[in-house]
>>> print(open('start-v8.txt').read())   # compact mmCIF, N, CA and C atoms
# COMPACT_ATOMS: atom_id res chain seq x y z
N GLY A 1 -12.98 -6.47 5.15
CA GLY A 1 -13.47 -7.80 5.29
C GLY A 1 -14.95 -7.80 5.55
N GLY A 2 -15.52 -8.94 5.53
CA GLY A 2 -16.94 -9.07 5.76
C GLY A 2 -17.26 -10.08 6.82
N VAL A 3 -18.50 -10.05 7.27
CA VAL A 3 -19.00 -10.98 8.26
C VAL A 3 -20.20 -11.69 7.65
N VAL A 4 -20.20 -13.01 7.68
CA VAL A 4 -21.32 -13.77 7.15
C VAL A 4 -22.32 -13.99 8.28
N THR A 5 -23.57 -13.66 8.03
CA THR A 5 -24.62 -13.79 9.04
C THR A 5 -25.07 -15.24 9.12
N SER A 6 -26.00 -15.51 10.03
CA SER A 6 -26.50 -16.88 10.20
C SER A 6 -27.17 -17.39 8.93
N GLY A 7 -27.64 -16.47 8.09
CA GLY A 7 -28.14 -16.87 6.77
C GLY A 7 -26.96 -16.94 5.82
N SER A 8 -27.17 -16.50 4.62
CA SER A 8 -26.07 -16.51 3.66
C SER A 8 -25.66 -15.09 3.28
N ASP A 9 -26.21 -14.10 3.99
CA ASP A 9 -25.89 -12.71 3.70
C ASP A 9 -24.53 -12.34 4.27
N GLU A 10 -23.86 -11.41 3.60
CA GLU A 10 -22.58 -10.91 4.09
C GLU A 10 -22.71 -9.43 4.38
N ILE A 11 -22.21 -9.01 5.53
CA ILE A 11 -22.19 -7.61 5.91
C ILE A 11 -20.74 -7.14 5.77
N VAL A 12 -20.53 -6.08 5.00
CA VAL A 12 -19.19 -5.57 4.75
C VAL A 12 -19.06 -4.22 5.41
N GLY A 13 -17.88 -3.93 5.97
CA GLY A 13 -17.67 -2.64 6.61
C GLY A 13 -16.23 -2.46 7.05
N TYR A 14 -16.03 -1.56 7.97
CA TYR A 14 -14.72 -1.25 8.51
C TYR A 14 -14.79 -1.40 10.02
N GLY A 15 -13.80 -2.02 10.61
CA GLY A 15 -13.83 -2.23 12.05
C GLY A 15 -12.45 -2.17 12.66
N SER A 16 -12.37 -2.54 13.91
CA SER A 16 -11.12 -2.45 14.66
C SER A 16 -10.31 -3.73 14.62
N ALA A 17 -10.67 -4.69 13.80
CA ALA A 17 -9.97 -5.98 13.77
C ALA A 17 -8.50 -5.84 13.44
N LYS A 18 -8.12 -4.79 12.71
CA LYS A 18 -6.73 -4.61 12.32
C LYS A 18 -5.94 -3.72 13.27
N LEU A 19 -6.59 -3.18 14.32
CA LEU A 19 -5.87 -2.33 15.25
C LEU A 19 -4.72 -3.08 15.90
N TYR A 20 -3.63 -2.38 16.07
CA TYR A 20 -2.43 -2.90 16.74
C TYR A 20 -1.78 -4.03 15.95
N SER A 21 -2.08 -4.13 14.67
CA SER A 21 -1.41 -5.09 13.81
C SER A 21 -0.11 -4.46 13.31
N SER A 22 0.83 -5.27 12.95
CA SER A 22 2.08 -4.78 12.40
C SER A 22 1.85 -4.13 11.05
N LEU A 23 2.50 -2.98 10.81
CA LEU A 23 2.38 -2.34 9.51
C LEU A 23 2.99 -3.20 8.42
N PHE A 24 3.91 -4.11 8.77
CA PHE A 24 4.44 -5.01 7.77
C PHE A 24 3.37 -5.97 7.29
N ASP A 25 2.36 -6.25 8.11
CA ASP A 25 1.24 -7.10 7.68
C ASP A 25 0.23 -6.31 6.87
N LEU A 26 0.05 -5.03 7.20
CA LEU A 26 -0.95 -4.20 6.54
C LEU A 26 -0.41 -3.45 5.34
N GLY A 27 0.86 -3.12 5.37
CA GLY A 27 1.46 -2.31 4.33
C GLY A 27 2.08 -3.14 3.23
N GLY A 28 2.77 -2.47 2.36
CA GLY A 28 3.45 -3.14 1.27
C GLY A 28 4.31 -2.17 0.51
N ILE A 29 4.92 -2.64 -0.53
CA ILE A 29 5.78 -1.80 -1.35
C ILE A 29 4.92 -1.04 -2.35
N LEU A 30 5.08 0.28 -2.35
CA LEU A 30 4.44 1.14 -3.35
C LEU A 30 5.53 1.52 -4.34
N ALA A 31 5.31 1.23 -5.60
CA ALA A 31 6.33 1.49 -6.62
C ALA A 31 5.75 2.37 -7.72
N GLY A 32 6.56 3.33 -8.14
CA GLY A 32 6.25 4.14 -9.31
C GLY A 32 7.13 3.67 -10.45
N HIS A 33 6.54 3.42 -11.59
CA HIS A 33 7.28 2.88 -12.73
C HIS A 33 7.23 3.86 -13.90
N PRO A 34 8.40 4.25 -14.45
CA PRO A 34 8.41 5.16 -15.61
C PRO A 34 7.73 4.52 -16.82
N ILE A 35 6.79 5.22 -17.42
CA ILE A 35 6.06 4.65 -18.56
C ILE A 35 6.94 4.51 -19.80
N ARG A 36 8.11 5.18 -19.82
CA ARG A 36 9.01 5.05 -20.98
C ARG A 36 9.73 3.72 -21.00
N LEU A 37 9.71 2.99 -19.87
CA LEU A 37 10.40 1.71 -19.78
C LEU A 37 9.40 0.56 -19.90
N PRO A 38 9.82 -0.57 -20.49
CA PRO A 38 8.93 -1.73 -20.51
C PRO A 38 8.66 -2.23 -19.09
N SER A 39 7.56 -2.91 -18.89
CA SER A 39 7.18 -3.35 -17.54
C SER A 39 8.20 -4.30 -16.93
N THR A 40 9.00 -4.94 -17.74
CA THR A 40 10.00 -5.88 -17.22
C THR A 40 11.29 -5.19 -16.77
N ASP A 41 11.45 -3.90 -17.10
CA ASP A 41 12.65 -3.14 -16.74
C ASP A 41 12.34 -2.28 -15.52
N ARG A 42 12.76 -2.73 -14.35
CA ARG A 42 12.47 -2.00 -13.11
C ARG A 42 13.61 -1.08 -12.69
N SER A 43 14.56 -0.83 -13.56
CA SER A 43 15.74 -0.03 -13.20
C SER A 43 15.40 1.40 -12.82
N GLY A 44 14.31 1.94 -13.31
CA GLY A 44 13.92 3.31 -13.00
C GLY A 44 12.82 3.42 -11.96
N ASP A 45 12.41 2.30 -11.39
CA ASP A 45 11.32 2.33 -10.40
C ASP A 45 11.74 3.06 -9.12
N ILE A 46 10.83 3.82 -8.57
CA ILE A 46 10.99 4.44 -7.26
C ILE A 46 10.07 3.66 -6.33
N SER A 47 10.57 3.20 -5.18
CA SER A 47 9.73 2.39 -4.30
C SER A 47 10.00 2.70 -2.84
N CYS A 48 9.01 2.41 -2.01
CA CYS A 48 9.14 2.55 -0.57
C CYS A 48 8.09 1.68 0.12
N LEU A 49 8.35 1.38 1.38
CA LEU A 49 7.39 0.62 2.19
C LEU A 49 6.33 1.60 2.67
N THR A 50 5.08 1.29 2.42
CA THR A 50 4.00 2.20 2.80
C THR A 50 2.86 1.45 3.47
N ALA A 51 2.02 2.23 4.12
CA ALA A 51 0.74 1.73 4.62
C ALA A 51 -0.32 2.75 4.22
N PRO A 52 -1.47 2.28 3.76
CA PRO A 52 -2.50 3.21 3.31
C PRO A 52 -3.26 3.83 4.47
N LYS A 53 -3.73 5.06 4.25
CA LYS A 53 -4.60 5.75 5.20
C LYS A 53 -5.75 6.33 4.39
N MET A 54 -6.95 5.85 4.65
CA MET A 54 -8.11 6.34 3.92
C MET A 54 -8.44 7.75 4.41
N THR A 55 -8.55 8.69 3.47
CA THR A 55 -8.87 10.07 3.85
C THR A 55 -10.34 10.39 3.64
N THR A 56 -10.95 9.84 2.61
CA THR A 56 -12.39 10.04 2.39
C THR A 56 -12.99 8.79 1.76
N ILE A 57 -14.29 8.65 1.92
CA ILE A 57 -15.03 7.56 1.28
C ILE A 57 -16.44 8.07 1.01
N ASN A 58 -17.01 7.69 -0.13
CA ASN A 58 -18.38 8.12 -0.40
C ASN A 58 -19.35 6.97 -0.14
N PHE A 59 -20.50 7.32 0.34
CA PHE A 59 -21.55 6.33 0.61
C PHE A 59 -22.81 6.68 -0.19
N SER A 60 -22.64 7.15 -1.40
CA SER A 60 -23.76 7.49 -2.26
C SER A 60 -24.49 6.22 -2.67
N GLY A 61 -25.79 6.29 -2.70
CA GLY A 61 -26.57 5.14 -3.16
C GLY A 61 -26.70 5.08 -4.67
N THR A 62 -26.19 6.12 -5.36
CA THR A 62 -26.35 6.17 -6.82
C THR A 62 -25.03 6.13 -7.59
N GLU A 63 -23.90 6.30 -6.91
CA GLU A 63 -22.60 6.32 -7.59
C GLU A 63 -21.77 5.12 -7.15
N VAL A 64 -20.79 4.78 -7.96
CA VAL A 64 -19.85 3.73 -7.60
C VAL A 64 -19.09 4.19 -6.36
N GLN A 65 -18.96 3.30 -5.38
CA GLN A 65 -18.28 3.67 -4.14
C GLN A 65 -16.80 3.91 -4.42
N GLY A 66 -16.30 5.00 -3.89
CA GLY A 66 -14.89 5.33 -4.08
C GLY A 66 -14.30 5.86 -2.80
N ALA A 67 -12.99 5.83 -2.72
CA ALA A 67 -12.29 6.32 -1.54
C ALA A 67 -10.99 6.97 -1.99
N GLU A 68 -10.55 7.97 -1.24
CA GLU A 68 -9.24 8.57 -1.46
C GLU A 68 -8.30 8.03 -0.40
N MET A 69 -7.06 7.77 -0.81
CA MET A 69 -6.07 7.21 0.10
C MET A 69 -4.82 8.07 0.10
N GLU A 70 -4.16 8.12 1.23
CA GLU A 70 -2.81 8.66 1.34
C GLU A 70 -1.91 7.50 1.70
N PHE A 71 -0.66 7.59 1.30
CA PHE A 71 0.29 6.55 1.64
C PHE A 71 1.45 7.19 2.38
N LYS A 72 1.76 6.66 3.55
CA LYS A 72 2.87 7.15 4.36
C LYS A 72 4.03 6.17 4.24
N ALA A 73 5.22 6.70 3.98
CA ALA A 73 6.41 5.85 3.86
C ALA A 73 6.95 5.54 5.25
N TYR A 74 7.41 4.31 5.41
CA TYR A 74 7.99 3.85 6.68
C TYR A 74 9.38 3.28 6.44
N GLN A 75 10.18 3.32 7.47
CA GLN A 75 11.51 2.71 7.40
C GLN A 75 11.35 1.21 7.27
N ASP A 76 12.00 0.65 6.27
CA ASP A 76 11.91 -0.78 6.01
C ASP A 76 13.12 -1.49 6.63
N SER A 77 12.92 -2.06 7.79
CA SER A 77 14.03 -2.69 8.51
C SER A 77 14.49 -3.99 7.87
N ARG A 78 13.80 -4.44 6.84
CA ARG A 78 14.17 -5.69 6.17
C ARG A 78 15.28 -5.51 5.15
N VAL A 79 15.61 -4.25 4.82
CA VAL A 79 16.62 -3.99 3.79
C VAL A 79 17.76 -3.15 4.37
N ASP A 80 18.85 -3.03 3.61
CA ASP A 80 20.03 -2.27 4.02
C ASP A 80 19.64 -0.84 4.39
N SER A 81 20.26 -0.30 5.44
CA SER A 81 19.92 1.04 5.92
C SER A 81 20.24 2.14 4.91
N LYS A 82 21.02 1.86 3.89
CA LYS A 82 21.32 2.86 2.85
C LYS A 82 20.12 3.09 1.93
N VAL A 83 19.18 2.15 1.91
CA VAL A 83 18.01 2.26 1.01
C VAL A 83 16.71 1.91 1.74
N ASN A 84 16.64 2.12 3.05
CA ASN A 84 15.48 1.63 3.79
C ASN A 84 14.32 2.62 3.91
N ILE A 85 14.43 3.82 3.35
CA ILE A 85 13.29 4.75 3.32
C ILE A 85 12.67 4.76 1.92
N TRP A 86 13.45 5.04 0.91
CA TRP A 86 13.00 4.93 -0.48
C TRP A 86 14.20 4.59 -1.33
N ARG A 87 13.95 4.09 -2.52
CA ARG A 87 15.04 3.70 -3.40
C ARG A 87 14.61 3.79 -4.86
N ARG A 88 15.64 3.86 -5.72
CA ARG A 88 15.42 3.83 -7.16
C ARG A 88 16.12 2.60 -7.71
N GLY A 89 15.42 1.81 -8.45
CA GLY A 89 15.97 0.59 -9.02
C GLY A 89 15.03 -0.58 -8.78
N ASP A 90 15.48 -1.75 -9.13
CA ASP A 90 14.64 -2.96 -9.04
C ASP A 90 14.52 -3.41 -7.58
N TYR A 91 13.43 -3.04 -6.94
CA TYR A 91 13.21 -3.35 -5.53
C TYR A 91 13.02 -4.85 -5.30
N THR A 92 12.72 -5.61 -6.32
CA THR A 92 12.53 -7.06 -6.14
C THR A 92 13.84 -7.77 -5.88
N LEU A 93 14.96 -7.10 -6.09
CA LEU A 93 16.27 -7.71 -5.85
C LEU A 93 16.70 -7.59 -4.38
N LEU A 94 15.99 -6.81 -3.59
CA LEU A 94 16.38 -6.62 -2.18
C LEU A 94 16.04 -7.82 -1.35
>>> encode(input="start-v8.txt", output="structure tokens")
Amino acid sequence: GGVVTSGSDEIVGYGSAKLYSSLFDLGGILAGHPIRLPSTDRSGDISCLTAPKMTTINFSGTEVQGAEMEFKAYQDSRVDSKVNIWRRGDYTLL
């Protein structure tokens, strides 16, 4: 997020505003989709509830800014316990 100064400038960065927030607010479903299937066929999708963790970020003044992320899977208490860590199939039906 960013902070707008008293002028019209915006300062962008990383801060503690998200500390102690629920991972359900910060995370989301990460899905892998087989390229052999059309995008409308989610029967082969592998999915899990994840939250991102930034591992590296570049601050080069000459290159496009990039970051590497890791995703950690979490138990999804919103779905049946038989499929609450990861699942294969159309996760939108849960």
>>> residues_around(input="start-v8.txt", residues="region 32-37 of chain A", least_positions_apart="4", cutoff="12 Å", atoms="only C-alpha atoms", output="list in words")
Asp41, Arg42, Ser43, Gly44, Asp45, Ile46, Ser47, Cys48, Trp86, Arg87, Arg88, Gly89, Asp90 and Tyr91 of chain A
>>> atom_distance(input="start-v8.txt", atom1="CA of Ala73 (chain A)", atom2="CA of Ser16 (chain A)")
22.2 Å
>>> axis_aligned_box(input="start-v8.txt", around="region 75-81 of chain A", padding_each_side="3 Å", output="lines of an AutoDock Vina configuration file")
center_x = 15.2
center_y = -1.2
center_z = 6.1
size_x = 16.1
size_y = 15.0
size_z = 10.9
>>> atom_distance(input="start-v8.txt", atom1="CA of Ala17 (chain A)", atom2="atom C of Val3 (chain A)")
13.2 Å
>>> select_by_dssp(input="start-v8.txt", residues="chain A", states="alpha helix (DSSP H)", output="list in words")
Leu23, Phe24, Asp25 and Leu26 of chain A
>>> atom_distance(input="start-v8.txt", atom1="CA of Thr50 (chain A)", atom2="CA of Leu26 (chain A)")
8.9 Å
>>> closest_residue(input="start-v8.txt", among="A:Val12, A:Val64, A:Val79, A:Ala51", to="Gly28 (chain A)", atoms="only N, CA and C atoms")
A:Ala51
>>> closest_residue(input="start-v8.txt", among="A:Asn58, A:Leu94, A:Leu30, A:Ile11", to="Arg78 (chain A)", atoms="only N, CA and C atoms")
A:Leu94
>>> select_by_dssp(input="start-v8.txt", residues="chain A", states="strand (DSSP E)", output="PyMOL selection string")
chain A and resi 2-4+10-12+28-32+46-57+67-74+87-88
